[in-house]
$ cat model_6.cif   # mmCIF, N, CA and C atoms
data_input
#
loop_
_atom_site.label_atom_id
_atom_site.label_comp_id
_atom_site.auth_asym_id
_atom_site.auth_seq_id
_atom_site.Cartn_x
_atom_site.Cartn_y
_atom_site.Cartn_z
N MET A 1 73.99 -95.88 255.11
CA MET A 1 74.72 -96.30 256.30
C MET A 1 74.12 -97.62 256.78
N ASN A 2 75.00 -98.59 257.02
CA ASN A 2 74.54 -99.86 257.57
C ASN A 2 75.49 -100.29 258.69
N PHE A 3 75.16 -101.36 259.34
CA PHE A 3 75.92 -101.81 260.51
C PHE A 3 77.36 -102.14 260.14
N THR A 4 77.56 -102.80 259.00
CA THR A 4 78.92 -103.16 258.58
C THR A 4 79.76 -101.91 258.35
N THR A 5 79.19 -100.93 257.69
CA THR A 5 79.91 -99.67 257.45
C THR A 5 80.27 -99.01 258.78
N CYS A 6 79.35 -99.02 259.71
CA CYS A 6 79.63 -98.45 261.04
C CYS A 6 80.79 -99.17 261.72
N LEU A 7 80.83 -100.48 261.62
CA LEU A 7 81.93 -101.24 262.20
C LEU A 7 83.26 -100.91 261.53
N ILE A 8 83.23 -100.74 260.22
CA ILE A 8 84.45 -100.40 259.48
C ILE A 8 84.97 -99.04 259.92
N VAL A 9 84.09 -98.06 260.04
CA VAL A 9 84.49 -96.72 260.48
C VAL A 9 85.00 -96.77 261.92
N MET A 10 84.32 -97.53 262.77
CA MET A 10 84.75 -97.65 264.17
C MET A 10 86.14 -98.28 264.27
N ALA A 11 86.39 -99.30 263.47
CA ALA A 11 87.72 -99.95 263.50
C ALA A 11 88.80 -98.97 263.07
N GLY A 12 88.55 -98.21 262.02
CA GLY A 12 89.51 -97.20 261.59
C GLY A 12 89.72 -96.15 262.66
N GLY A 13 88.64 -95.72 263.29
CA GLY A 13 88.74 -94.73 264.36
C GLY A 13 89.55 -95.24 265.54
N ALA A 14 89.36 -96.49 265.88
CA ALA A 14 90.13 -97.07 266.99
C ALA A 14 91.62 -97.08 266.67
N LEU A 15 91.97 -97.46 265.47
CA LEU A 15 93.39 -97.47 265.08
C LEU A 15 93.96 -96.04 265.03
N GLY A 16 93.17 -95.11 264.52
CA GLY A 16 93.61 -93.72 264.48
C GLY A 16 93.82 -93.15 265.87
N THR A 17 92.92 -93.48 266.77
CA THR A 17 93.03 -93.01 268.14
C THR A 17 94.27 -93.60 268.81
N LEU A 18 94.52 -94.87 268.60
CA LEU A 18 95.71 -95.49 269.16
C LEU A 18 96.97 -94.85 268.59
N ALA A 19 97.00 -94.61 267.28
CA ALA A 19 98.17 -93.98 266.66
C ALA A 19 98.39 -92.59 267.24
N ARG A 20 97.32 -91.86 267.45
CA ARG A 20 97.44 -90.52 268.03
C ARG A 20 98.04 -90.59 269.43
N TYR A 21 97.57 -91.52 270.23
CA TYR A 21 98.07 -91.68 271.59
C TYR A 21 99.56 -92.02 271.59
N VAL A 22 99.95 -92.98 270.76
CA VAL A 22 101.35 -93.41 270.70
C VAL A 22 102.26 -92.25 270.28
N ILE A 23 101.88 -91.52 269.25
CA ILE A 23 102.70 -90.40 268.81
C ILE A 23 102.76 -89.32 269.88
N SER A 24 101.64 -89.06 270.54
CA SER A 24 101.63 -88.06 271.62
C SER A 24 102.58 -88.44 272.74
N VAL A 25 102.57 -89.69 273.13
CA VAL A 25 103.47 -90.16 274.19
C VAL A 25 104.92 -90.04 273.76
N LEU A 26 105.22 -90.47 272.53
CA LEU A 26 106.59 -90.40 272.03
C LEU A 26 107.09 -88.96 271.92
N ALA A 27 106.20 -88.02 271.66
CA ALA A 27 106.60 -86.63 271.48
C ALA A 27 106.69 -85.84 272.78
N LEU A 28 106.27 -86.41 273.90
CA LEU A 28 106.30 -85.68 275.16
C LEU A 28 107.66 -85.07 275.50
N PRO A 29 108.77 -85.80 275.30
CA PRO A 29 110.07 -85.22 275.67
C PRO A 29 110.44 -83.95 274.89
N ILE A 30 109.90 -83.77 273.70
CA ILE A 30 110.25 -82.58 272.91
C ILE A 30 109.12 -81.54 272.89
N SER A 31 108.10 -81.74 273.69
CA SER A 31 106.92 -80.89 273.64
C SER A 31 106.84 -79.89 274.79
N ARG A 32 107.96 -79.34 275.18
CA ARG A 32 107.94 -78.36 276.28
C ARG A 32 107.38 -77.02 275.86
N ASP A 33 107.79 -76.52 274.70
CA ASP A 33 107.39 -75.19 274.25
C ASP A 33 106.20 -75.19 273.30
N LEU A 34 106.06 -76.24 272.54
CA LEU A 34 104.94 -76.39 271.61
C LEU A 34 104.45 -77.82 271.68
N PRO A 35 103.15 -78.04 271.40
CA PRO A 35 102.62 -79.41 271.40
C PRO A 35 103.01 -80.15 270.12
N TRP A 36 104.29 -80.54 270.05
CA TRP A 36 104.81 -81.13 268.82
C TRP A 36 104.08 -82.40 268.42
N GLY A 37 103.64 -83.18 269.37
CA GLY A 37 102.89 -84.39 269.03
C GLY A 37 101.63 -84.03 268.25
N THR A 38 100.90 -83.06 268.75
CA THR A 38 99.66 -82.64 268.09
C THR A 38 99.97 -82.02 266.73
N ILE A 39 101.00 -81.22 266.65
CA ILE A 39 101.36 -80.60 265.37
C ILE A 39 101.71 -81.68 264.35
N VAL A 40 102.53 -82.66 264.76
CA VAL A 40 102.90 -83.76 263.86
C VAL A 40 101.66 -84.55 263.46
N ILE A 41 100.79 -84.82 264.42
CA ILE A 41 99.56 -85.55 264.13
C ILE A 41 98.70 -84.80 263.12
N ASN A 42 98.51 -83.50 263.34
CA ASN A 42 97.68 -82.72 262.43
C ASN A 42 98.29 -82.66 261.03
N ILE A 43 99.59 -82.51 260.95
CA ILE A 43 100.24 -82.46 259.64
C ILE A 43 100.17 -83.81 258.95
N THR A 44 100.50 -84.88 259.64
CA THR A 44 100.49 -86.20 259.00
C THR A 44 99.07 -86.66 258.67
N GLY A 45 98.12 -86.33 259.54
CA GLY A 45 96.73 -86.67 259.24
C GLY A 45 96.24 -85.94 258.01
N SER A 46 96.63 -84.67 257.87
CA SER A 46 96.26 -83.91 256.68
C SER A 46 96.91 -84.50 255.44
N LEU A 47 98.17 -84.91 255.58
CA LEU A 47 98.86 -85.54 254.47
C LEU A 47 98.15 -86.84 254.07
N VAL A 48 97.79 -87.66 255.04
CA VAL A 48 97.14 -88.94 254.75
C VAL A 48 95.80 -88.73 254.05
N ILE A 49 94.96 -87.84 254.57
CA ILE A 49 93.64 -87.68 253.95
C ILE A 49 93.75 -87.08 252.55
N GLY A 50 94.68 -86.16 252.37
CA GLY A 50 94.87 -85.59 251.04
C GLY A 50 95.43 -86.59 250.05
N PHE A 51 96.43 -87.35 250.49
CA PHE A 51 97.06 -88.34 249.63
C PHE A 51 96.13 -89.50 249.31
N PHE A 52 95.62 -90.13 250.34
CA PHE A 52 94.78 -91.31 250.15
C PHE A 52 93.48 -90.96 249.43
N GLY A 53 92.87 -89.86 249.84
CA GLY A 53 91.61 -89.46 249.21
C GLY A 53 91.77 -89.20 247.72
N THR A 54 92.84 -88.55 247.35
CA THR A 54 93.09 -88.25 245.94
C THR A 54 93.52 -89.49 245.18
N LEU A 55 94.39 -90.27 245.77
CA LEU A 55 94.93 -91.45 245.10
C LEU A 55 93.86 -92.50 244.80
N THR A 56 92.87 -92.62 245.66
CA THR A 56 91.93 -93.74 245.57
C THR A 56 90.55 -93.35 245.04
N LEU A 57 90.46 -92.22 244.35
CA LEU A 57 89.17 -91.81 243.78
C LEU A 57 88.64 -92.88 242.84
N ALA A 58 87.33 -93.04 242.81
CA ALA A 58 86.70 -94.09 242.00
C ALA A 58 87.09 -94.00 240.53
N HIS A 59 87.29 -92.80 240.01
CA HIS A 59 87.62 -92.63 238.60
C HIS A 59 89.12 -92.49 238.36
N GLY A 60 89.93 -92.73 239.36
CA GLY A 60 91.38 -92.59 239.23
C GLY A 60 92.06 -93.89 238.86
N ARG A 61 93.38 -93.87 238.98
CA ARG A 61 94.17 -95.04 238.62
C ARG A 61 94.18 -96.11 239.69
N TYR A 62 93.92 -95.74 240.93
CA TYR A 62 94.00 -96.68 242.05
C TYR A 62 92.72 -96.69 242.87
N PRO A 63 91.60 -96.99 242.25
CA PRO A 63 90.34 -96.96 243.01
C PRO A 63 90.30 -98.08 244.05
N VAL A 64 89.68 -97.77 245.16
CA VAL A 64 89.44 -98.77 246.21
C VAL A 64 87.97 -98.72 246.56
N SER A 65 87.54 -99.68 247.34
CA SER A 65 86.14 -99.71 247.74
C SER A 65 85.79 -98.50 248.60
N GLU A 66 84.53 -98.15 248.59
CA GLU A 66 84.07 -97.05 249.44
C GLU A 66 84.30 -97.39 250.91
N ASN A 67 84.18 -98.65 251.27
CA ASN A 67 84.42 -99.04 252.66
C ASN A 67 85.87 -98.79 253.08
N LEU A 68 86.82 -99.03 252.20
CA LEU A 68 88.21 -98.76 252.53
C LEU A 68 88.44 -97.26 252.66
N ARG A 69 87.83 -96.48 251.78
CA ARG A 69 87.95 -95.02 251.89
C ARG A 69 87.34 -94.54 253.22
N LEU A 70 86.20 -95.08 253.59
CA LEU A 70 85.58 -94.70 254.86
C LEU A 70 86.46 -95.12 256.04
N PHE A 71 87.05 -96.30 255.95
CA PHE A 71 87.94 -96.78 257.01
C PHE A 71 89.10 -95.82 257.23
N VAL A 72 89.74 -95.39 256.13
CA VAL A 72 90.91 -94.52 256.24
C VAL A 72 90.52 -93.06 256.50
N MET A 73 89.64 -92.52 255.67
CA MET A 73 89.38 -91.08 255.70
C MET A 73 88.47 -90.63 256.84
N ILE A 74 87.46 -91.40 257.13
CA ILE A 74 86.55 -91.03 258.21
C ILE A 74 86.98 -91.70 259.51
N GLY A 75 87.24 -92.99 259.44
CA GLY A 75 87.62 -93.73 260.64
C GLY A 75 89.01 -93.37 261.14
N PHE A 76 90.04 -93.78 260.41
CA PHE A 76 91.41 -93.56 260.87
C PHE A 76 91.71 -92.09 261.05
N CYS A 77 91.51 -91.30 259.99
CA CYS A 77 91.84 -89.87 260.09
C CYS A 77 90.96 -89.16 261.10
N GLY A 78 89.71 -89.57 261.20
CA GLY A 78 88.82 -88.97 262.20
C GLY A 78 89.26 -89.27 263.61
N GLY A 79 89.72 -90.49 263.86
CA GLY A 79 90.24 -90.84 265.18
C GLY A 79 91.61 -90.24 265.42
N TYR A 80 92.37 -90.11 264.36
CA TYR A 80 93.72 -89.59 264.45
C TYR A 80 93.71 -88.08 264.62
N THR A 81 92.95 -87.39 263.79
CA THR A 81 92.83 -85.93 263.86
C THR A 81 91.67 -85.45 263.03
N THR A 82 90.90 -84.51 263.56
CA THR A 82 89.87 -83.88 262.72
C THR A 82 90.48 -82.76 261.90
N PHE A 83 91.71 -82.40 262.19
CA PHE A 83 92.36 -81.35 261.43
C PHE A 83 92.54 -81.75 259.98
N SER A 84 92.65 -83.03 259.72
CA SER A 84 92.81 -83.48 258.34
C SER A 84 91.57 -83.15 257.52
N SER A 85 90.39 -83.32 258.09
CA SER A 85 89.15 -82.96 257.38
C SER A 85 89.09 -81.46 257.13
N PHE A 86 89.42 -80.68 258.14
CA PHE A 86 89.46 -79.23 258.00
C PHE A 86 90.42 -78.83 256.87
N SER A 87 91.58 -79.45 256.83
CA SER A 87 92.57 -79.12 255.81
C SER A 87 92.06 -79.48 254.42
N LEU A 88 91.43 -80.64 254.30
CA LEU A 88 90.89 -81.07 253.00
C LEU A 88 89.80 -80.11 252.53
N GLN A 89 88.91 -79.73 253.43
CA GLN A 89 87.84 -78.80 253.06
C GLN A 89 88.40 -77.44 252.65
N THR A 90 89.42 -76.98 253.36
CA THR A 90 90.03 -75.70 253.02
C THR A 90 90.71 -75.78 251.66
N LEU A 91 91.41 -76.88 251.39
CA LEU A 91 92.04 -77.05 250.08
C LEU A 91 90.99 -77.03 248.97
N ASP A 92 89.87 -77.71 249.18
CA ASP A 92 88.81 -77.71 248.18
C ASP A 92 88.30 -76.29 247.91
N LEU A 93 88.15 -75.49 248.95
CA LEU A 93 87.74 -74.10 248.77
C LEU A 93 88.78 -73.33 247.96
N LEU A 94 90.05 -73.50 248.32
CA LEU A 94 91.12 -72.81 247.61
C LEU A 94 91.19 -73.24 246.14
N ARG A 95 91.11 -74.53 245.91
CA ARG A 95 91.17 -75.03 244.54
C ARG A 95 89.99 -74.58 243.71
N GLY A 96 88.86 -74.33 244.37
CA GLY A 96 87.67 -73.83 243.69
C GLY A 96 87.67 -72.32 243.52
N GLY A 97 88.74 -71.66 243.94
CA GLY A 97 88.83 -70.22 243.79
C GLY A 97 88.13 -69.42 244.87
N ALA A 98 87.65 -70.09 245.90
CA ALA A 98 86.93 -69.42 246.99
C ALA A 98 87.91 -68.99 248.07
N PHE A 99 88.79 -68.07 247.71
CA PHE A 99 89.87 -67.66 248.61
C PHE A 99 89.34 -66.98 249.87
N LEU A 100 88.34 -66.14 249.73
CA LEU A 100 87.78 -65.47 250.90
C LEU A 100 87.12 -66.48 251.83
N ARG A 101 86.33 -67.40 251.26
CA ARG A 101 85.70 -68.44 252.08
C ARG A 101 86.74 -69.31 252.76
N ALA A 102 87.80 -69.64 252.06
CA ALA A 102 88.88 -70.43 252.67
C ALA A 102 89.50 -69.68 253.83
N GLY A 103 89.74 -68.39 253.65
CA GLY A 103 90.30 -67.57 254.73
C GLY A 103 89.37 -67.49 255.92
N VAL A 104 88.09 -67.32 255.64
CA VAL A 104 87.10 -67.29 256.73
C VAL A 104 87.06 -68.65 257.43
N ASN A 105 87.11 -69.73 256.65
CA ASN A 105 87.12 -71.07 257.24
C ASN A 105 88.31 -71.26 258.17
N ILE A 106 89.46 -70.81 257.73
CA ILE A 106 90.68 -70.93 258.54
C ILE A 106 90.55 -70.10 259.81
N ALA A 107 90.22 -68.84 259.64
CA ALA A 107 90.12 -67.94 260.79
C ALA A 107 89.02 -68.37 261.75
N ALA A 108 87.86 -68.69 261.20
CA ALA A 108 86.74 -69.08 262.07
C ALA A 108 87.04 -70.38 262.81
N SER A 109 87.61 -71.34 262.10
CA SER A 109 87.91 -72.62 262.74
C SER A 109 88.89 -72.46 263.90
N VAL A 110 89.97 -71.74 263.64
CA VAL A 110 90.98 -71.58 264.69
C VAL A 110 90.43 -70.73 265.83
N VAL A 111 89.89 -69.58 265.51
CA VAL A 111 89.41 -68.66 266.56
C VAL A 111 88.25 -69.28 267.33
N LEU A 112 87.28 -69.85 266.62
CA LEU A 112 86.11 -70.40 267.30
C LEU A 112 86.45 -71.65 268.11
N CYS A 113 87.34 -72.48 267.59
CA CYS A 113 87.71 -73.69 268.36
C CYS A 113 88.49 -73.32 269.61
N VAL A 114 89.42 -72.41 269.51
CA VAL A 114 90.16 -71.97 270.69
C VAL A 114 89.19 -71.27 271.65
N GLY A 115 88.30 -70.46 271.10
CA GLY A 115 87.29 -69.82 271.94
C GLY A 115 86.38 -70.82 272.63
N ALA A 116 85.99 -71.86 271.91
CA ALA A 116 85.13 -72.89 272.50
C ALA A 116 85.84 -73.62 273.63
N VAL A 117 87.12 -73.89 273.46
CA VAL A 117 87.89 -74.51 274.55
C VAL A 117 87.89 -73.59 275.76
N ALA A 118 88.09 -72.30 275.52
CA ALA A 118 88.12 -71.34 276.62
C ALA A 118 86.77 -71.25 277.32
N VAL A 119 85.69 -71.19 276.56
CA VAL A 119 84.35 -71.13 277.16
C VAL A 119 84.06 -72.41 277.94
N GLY A 120 84.36 -73.56 277.32
CA GLY A 120 84.16 -74.83 278.02
C GLY A 120 84.94 -74.88 279.31
N HIS A 121 86.19 -74.42 279.26
CA HIS A 121 87.01 -74.39 280.46
C HIS A 121 86.41 -73.47 281.52
N LEU A 122 86.00 -72.28 281.13
CA LEU A 122 85.44 -71.33 282.09
C LEU A 122 84.16 -71.85 282.74
N VAL A 123 83.28 -72.44 281.94
CA VAL A 123 82.03 -72.99 282.49
C VAL A 123 82.35 -74.14 283.44
N ALA A 124 83.21 -75.06 283.02
CA ALA A 124 83.56 -76.20 283.87
C ALA A 124 84.30 -75.75 285.12
N ALA A 125 85.15 -74.72 285.00
CA ALA A 125 85.87 -74.22 286.16
C ALA A 125 84.89 -73.70 287.21
N GLN A 126 83.84 -73.03 286.75
CA GLN A 126 82.82 -72.53 287.68
C GLN A 126 82.10 -73.69 288.37
N MET A 127 81.89 -74.75 287.64
CA MET A 127 81.20 -75.92 288.19
C MET A 127 82.13 -76.78 289.02
N ASN A 128 83.43 -76.58 288.90
CA ASN A 128 84.41 -77.44 289.54
C ASN A 128 85.31 -76.64 290.48
N ALA A 129 84.70 -75.87 291.32
CA ALA A 129 85.39 -75.14 292.39
C ALA A 129 86.54 -74.26 291.88
N GLY A 130 86.34 -73.60 290.75
CA GLY A 130 87.35 -72.68 290.24
C GLY A 130 88.60 -73.33 289.71
N ALA A 131 88.52 -74.54 289.21
CA ALA A 131 89.68 -75.24 288.66
C ALA A 131 90.42 -74.37 287.66
N GLU A 132 91.74 -74.38 287.73
CA GLU A 132 92.54 -73.55 286.84
C GLU A 132 93.14 -74.32 285.67
N ARG A 133 93.23 -75.63 285.78
CA ARG A 133 93.83 -76.44 284.73
C ARG A 133 92.75 -77.11 283.89
N VAL A 134 93.12 -77.46 282.68
CA VAL A 134 92.24 -78.25 281.83
C VAL A 134 92.71 -79.70 281.85
N ALA A 135 94.01 -79.90 281.66
CA ALA A 135 94.58 -81.25 281.62
C ALA A 135 95.09 -81.64 282.99
N GLN A 136 94.96 -82.93 283.29
CA GLN A 136 95.48 -83.45 284.55
C GLN A 136 96.92 -83.92 284.43
N ILE A 137 97.22 -84.52 283.28
CA ILE A 137 98.57 -85.04 283.02
C ILE A 137 99.03 -84.54 281.66
N ALA A 138 100.32 -84.54 281.44
CA ALA A 138 100.88 -83.96 280.22
C ALA A 138 100.31 -84.57 278.94
N ILE A 139 100.06 -85.86 278.92
CA ILE A 139 99.56 -86.51 277.69
C ILE A 139 98.20 -85.97 277.29
N GLU A 140 97.40 -85.51 278.23
CA GLU A 140 96.09 -84.96 277.89
C GLU A 140 96.23 -83.69 277.06
N GLU A 141 97.28 -82.94 277.26
CA GLU A 141 97.50 -81.74 276.47
C GLU A 141 97.91 -82.08 275.05
N GLU A 142 98.47 -83.25 274.84
CA GLU A 142 98.85 -83.68 273.51
C GLU A 142 97.68 -84.29 272.76
N GLY A 143 96.73 -84.89 273.47
CA GLY A 143 95.65 -85.64 272.85
C GLY A 143 94.59 -84.85 272.23
#
$ encode --input "model_6.cif" --output "structure tokens"
Amino acid sequence: MNFTTCLIVMAGGALGTLARYVISVLALPISRDLPWGTIVINITGSLVIGFFGTLTLAHGRYPVSENLRLFVMIGFCGGYTTFSSFSLQTLDLLRGGAFLRAGVNIAASVVLCVGAVAVGHLVAAQMNAGAERVAQIAIEEEG
């Protein structure tokens, strides 16, 4: 890890974060029943990391520099969604025949992350005069 690599990852993260915000805002009108912006972001981010990561492997037909891979896969996808990394890791488990581990990864990630949000909310609510909401404005629920 060096300073240039950090800047490359940060630039990708900034673009990913901006893309996430724009899609979340655009999806607000259709996100009454489900967080469609987040769902679209998670699906497209997973598609990007799977596609780009596979397409640009060093030993493949379309190799790119490690810095470009870091920019897209860690920076952009990381800023855009961490779900893409989760999806890639789960696919690797499945492709390796580790079906039980993949299932545990899926269940643990979903259950523990939702549980962590709930615990964080409960602790903060106690510290914040019994606050009942997590988000202040609709876009925060998409982000």
$ atom_distance --input "model_6.cif" --atom1 "atom CA of A:Gln89" --atom2 "atom CA of A:Ile39"
18.4 Å
$ resolve_selection --input "model_6.cif" --expression "the PyMOL selection byres (((chain A and resi 73 and name CA) around 9) and name CA)" --output "JSON, numbers by chain"
{"A": [9, 12, 48, 49, 52, 53, 68, 69, 70, 71, 72, 74, 75, 76, 77, 78, 84, 85]}
$ atom_distance --input "model_6.cif" --atom1 "atom N of A:Ala107" --atom2 "atom CA of A:Asp33"
23.4 Å
$ axis_aligned_box --input "model_6.cif" --around "stretch 100-113 of chain A" --padding-each-side "6 Å" --output "JSON"
{"center_x": 88.3, "center_y": -69.6, "center_z": 259.7, "size_x": 17.3, "size_y": 20.2, "size_z": 31.9}
$ residues_around --input "model_6.cif" --residues "A:Thr56" --least-positions-apart "6" --cutoff "8 Å" --atoms "only N, CA and C atoms" --output "number ranges by chain"
A: 50, 62-65, 69
$ select_by_dssp --input "model_6.cif" --residues "stretch 2-120 of chain A" --states "alpha helix (DSSP H)" --output "VMD selection string"
chain A and resid 3 to 27 36 to 55 66 to 69 77 to 80 83 to 95 99 to 120
$ residues_around --input "model_6.cif" --residues "A:Ile106" --least-positions-apart "6" --cutoff "8 Å" --atoms "only N, CA and C atoms" --output "VMD selection string"
chain A and resid 90 100 112
$ atom_distance --input "model_6.cif" --atom1 "atom C of A:Gly120" --atom2 "atom CA of A:Glu132"
10.8 Å
$ closest_residue --input "model_6.cif" --among "A:Ala98, A:His121, A:Tyr80, A:Ala116" --to "A:Gly13" --atoms "all atoms listed in the file"
A:Tyr80
$ closest_residue --input "model_6.cif" --among "A:Gly79, A:Gly115, A:Ala124, A:Leu88" --to "A:Leu18" --atoms "only N, CA and C atoms"
A:Gly79
$ decode --input "model_6.cif" --residues "stretch 103-130 of chain A" --atoms "N, CA and C atoms" --output "PDB file, in the first residue's frame"
ATOM      1  N   GLY A 103     -23.996 -20.719   2.549  1.00  0.00           N
ATOM      2  CA  GLY A 103     -25.288 -20.515   3.213  1.00  0.00           C
ATOM      3  C   GLY A 103     -25.138 -19.806   4.543  1.00  0.00           C
ATOM      4  N   VAL A 104     -24.130 -20.207   5.297  1.00  0.00           N
ATOM      5  CA  VAL A 104     -23.867 -19.537   6.582  1.00  0.00           C
ATOM      6  C   VAL A 104     -23.472 -18.083   6.338  1.00  0.00           C
ATOM      7  N   ASN A 105     -22.642 -17.851   5.316  1.00  0.00           N
ATOM      8  CA  ASN A 105     -22.237 -16.484   4.985  1.00  0.00           C
ATOM      9  C   ASN A 105     -23.448 -15.620   4.649  1.00  0.00           C
ATOM     10  N   ILE A 106     -24.346 -16.166   3.861  1.00  0.00           N
ATOM     11  CA  ILE A 106     -25.553 -15.430   3.476  1.00  0.00           C
ATOM     12  C   ILE A 106     -26.411 -15.148   4.699  1.00  0.00           C
ATOM     13  N   ALA A 107     -26.713 -16.193   5.449  1.00  0.00           N
ATOM     14  CA  ALA A 107     -27.582 -16.035   6.620  1.00  0.00           C
ATOM     15  C   ALA A 107     -26.952 -15.129   7.668  1.00  0.00           C
ATOM     16  N   ALA A 108     -25.681 -15.366   7.954  1.00  0.00           N
ATOM     17  CA  ALA A 108     -25.013 -14.562   8.983  1.00  0.00           C
ATOM     18  C   ALA A 108     -24.918 -13.100   8.565  1.00  0.00           C
ATOM     19  N   SER A 109     -24.573 -12.869   7.313  1.00  0.00           N
ATOM     20  CA  SER A 109     -24.436 -11.484   6.852  1.00  0.00           C
ATOM     21  C   SER A 109     -25.753 -10.731   6.956  1.00  0.00           C
ATOM     22  N   VAL A 110     -26.813 -11.344   6.460  1.00  0.00           N
ATOM     23  CA  VAL A 110     -28.108 -10.664   6.484  1.00  0.00           C
ATOM     24  C   VAL A 110     -28.605 -10.505   7.915  1.00  0.00           C
ATOM     25  N   VAL A 111     -28.635 -11.590   8.656  1.00  0.00           N
ATOM     26  CA  VAL A 111     -29.171 -11.546  10.023  1.00  0.00           C
ATOM     27  C   VAL A 111     -28.321 -10.646  10.912  1.00  0.00           C
ATOM     28  N   LEU A 112     -27.005 -10.807  10.856  1.00  0.00           N
ATOM     29  CA  LEU A 112     -26.141 -10.014  11.735  1.00  0.00           C
ATOM     30  C   LEU A 112     -26.128  -8.536  11.364  1.00  0.00           C
ATOM     31  N   CYS A 113     -26.164  -8.245  10.071  1.00  0.00           N
ATOM     32  CA  CYS A 113     -26.177  -6.825   9.668  1.00  0.00           C
ATOM     33  C   CYS A 113     -27.488  -6.156  10.061  1.00  0.00           C
ATOM     34  N   VAL A 114     -28.601  -6.819   9.846  1.00  0.00           N
ATOM     35  CA  VAL A 114     -29.885  -6.251  10.261  1.00  0.00           C
ATOM     36  C   VAL A 114     -29.910  -6.144  11.789  1.00  0.00           C
ATOM     37  N   GLY A 115     -29.398  -7.171  12.456  1.00  0.00           N
ATOM     38  CA  GLY A 115     -29.317  -7.117  13.919  1.00  0.00           C
ATOM     39  C   GLY A 115     -28.432  -5.985  14.410  1.00  0.00           C
ATOM     40  N   ALA A 116     -27.316  -5.766  13.727  1.00  0.00           N
ATOM     41  CA  ALA A 116     -26.411  -4.683  14.115  1.00  0.00           C
ATOM     42  C   ALA A 116     -27.071  -3.322  13.944  1.00  0.00           C
ATOM     43  N   VAL A 117     -27.831  -3.157  12.875  1.00  0.00           N
ATOM     44  CA  VAL A 117     -28.574  -1.905  12.687  1.00  0.00           C
ATOM     45  C   VAL A 117     -29.554  -1.716  13.839  1.00  0.00           C
ATOM     46  N   ALA A 118     -30.236  -2.793  14.209  1.00  0.00           N
ATOM     47  CA  ALA A 118     -31.212  -2.709  15.298  1.00  0.00           C
ATOM     48  C   ALA A 118     -30.536  -2.370  16.625  1.00  0.00           C
ATOM     49  N   VAL A 119     -29.421  -3.023  16.919  1.00  0.00           N
ATOM     50  CA  VAL A 119     -28.700  -2.738  18.165  1.00  0.00           C
ATOM     51  C   VAL A 119     -28.184  -1.303  18.164  1.00  0.00           C
ATOM     52  N   GLY A 120     -27.579  -0.895  17.047  1.00  0.00           N
ATOM     53  CA  GLY A 120     -27.102   0.485  16.950  1.00  0.00           C
ATOM     54  C   GLY A 120     -28.221   1.479  17.154  1.00  0.00           C
ATOM     55  N   HIS A 121     -29.364   1.200  16.544  1.00  0.00           N
ATOM     56  CA  HIS A 121     -30.521   2.074  16.704  1.00  0.00           C
ATOM     57  C   HIS A 121     -30.972   2.112  18.163  1.00  0.00           C
ATOM     58  N   LEU A 122     -31.085   0.958  18.799  1.00  0.00           N
ATOM     59  CA  LEU A 122     -31.547   0.915  20.183  1.00  0.00           C
ATOM     60  C   LEU A 122     -30.606   1.654  21.130  1.00  0.00           C
ATOM     61  N   VAL A 123     -29.299   1.460  20.958  1.00  0.00           N
ATOM     62  CA  VAL A 123     -28.324   2.146  21.806  1.00  0.00           C
ATOM     63  C   VAL A 123     -28.402   3.651  21.579  1.00  0.00           C
ATOM     64  N   ALA A 124     -28.418   4.071  20.314  1.00  0.00           N
ATOM     65  CA  ALA A 124     -28.490   5.502  20.013  1.00  0.00           C
ATOM     66  C   ALA A 124     -29.805   6.103  20.468  1.00  0.00           C
ATOM     67  N   ALA A 125     -30.899   5.343  20.352  1.00  0.00           N
ATOM     68  CA  ALA A 125     -32.197   5.847  20.802  1.00  0.00           C
ATOM     69  C   ALA A 125     -32.164   6.133  22.297  1.00  0.00           C
ATOM     70  N   GLN A 126     -31.511   5.269  23.054  1.00  0.00           N
ATOM     71  CA  GLN A 126     -31.387   5.493  24.496  1.00  0.00           C
ATOM     72  C   GLN A 126     -30.562   6.747  24.789  1.00  0.00           C
ATOM     73  N   MET A 127     -29.564   6.980  23.976  1.00  0.00           N
ATOM     74  CA  MET A 127     -28.703   8.150  24.164  1.00  0.00           C
ATOM     75  C   MET A 127     -29.335   9.410  23.606  1.00  0.00           C
ATOM     76  N   ASN A 128     -30.367   9.267  22.787  1.00  0.00           N
ATOM     77  CA  ASN A 128     -30.959  10.399  22.085  1.00  0.00           C
ATOM     78  C   ASN A 128     -32.438  10.541  22.436  1.00  0.00           C
ATOM     79  N   ALA A 129     -32.719  10.540  23.701  1.00  0.00           N
ATOM     80  CA  ALA A 129     -34.064  10.810  24.221  1.00  0.00           C
ATOM     81  C   ALA A 129     -35.144   9.910  23.617  1.00  0.00           C
ATOM     82  N   GLY A 130     -34.834   8.642  23.428  1.00  0.00           N
ATOM     83  CA  GLY A 130     -35.834   7.696  22.937  1.00  0.00           C
ATOM     84  C   GLY A 130     -36.226   7.874  21.493  1.00  0.00           C
TER      85      GLY A 130
END
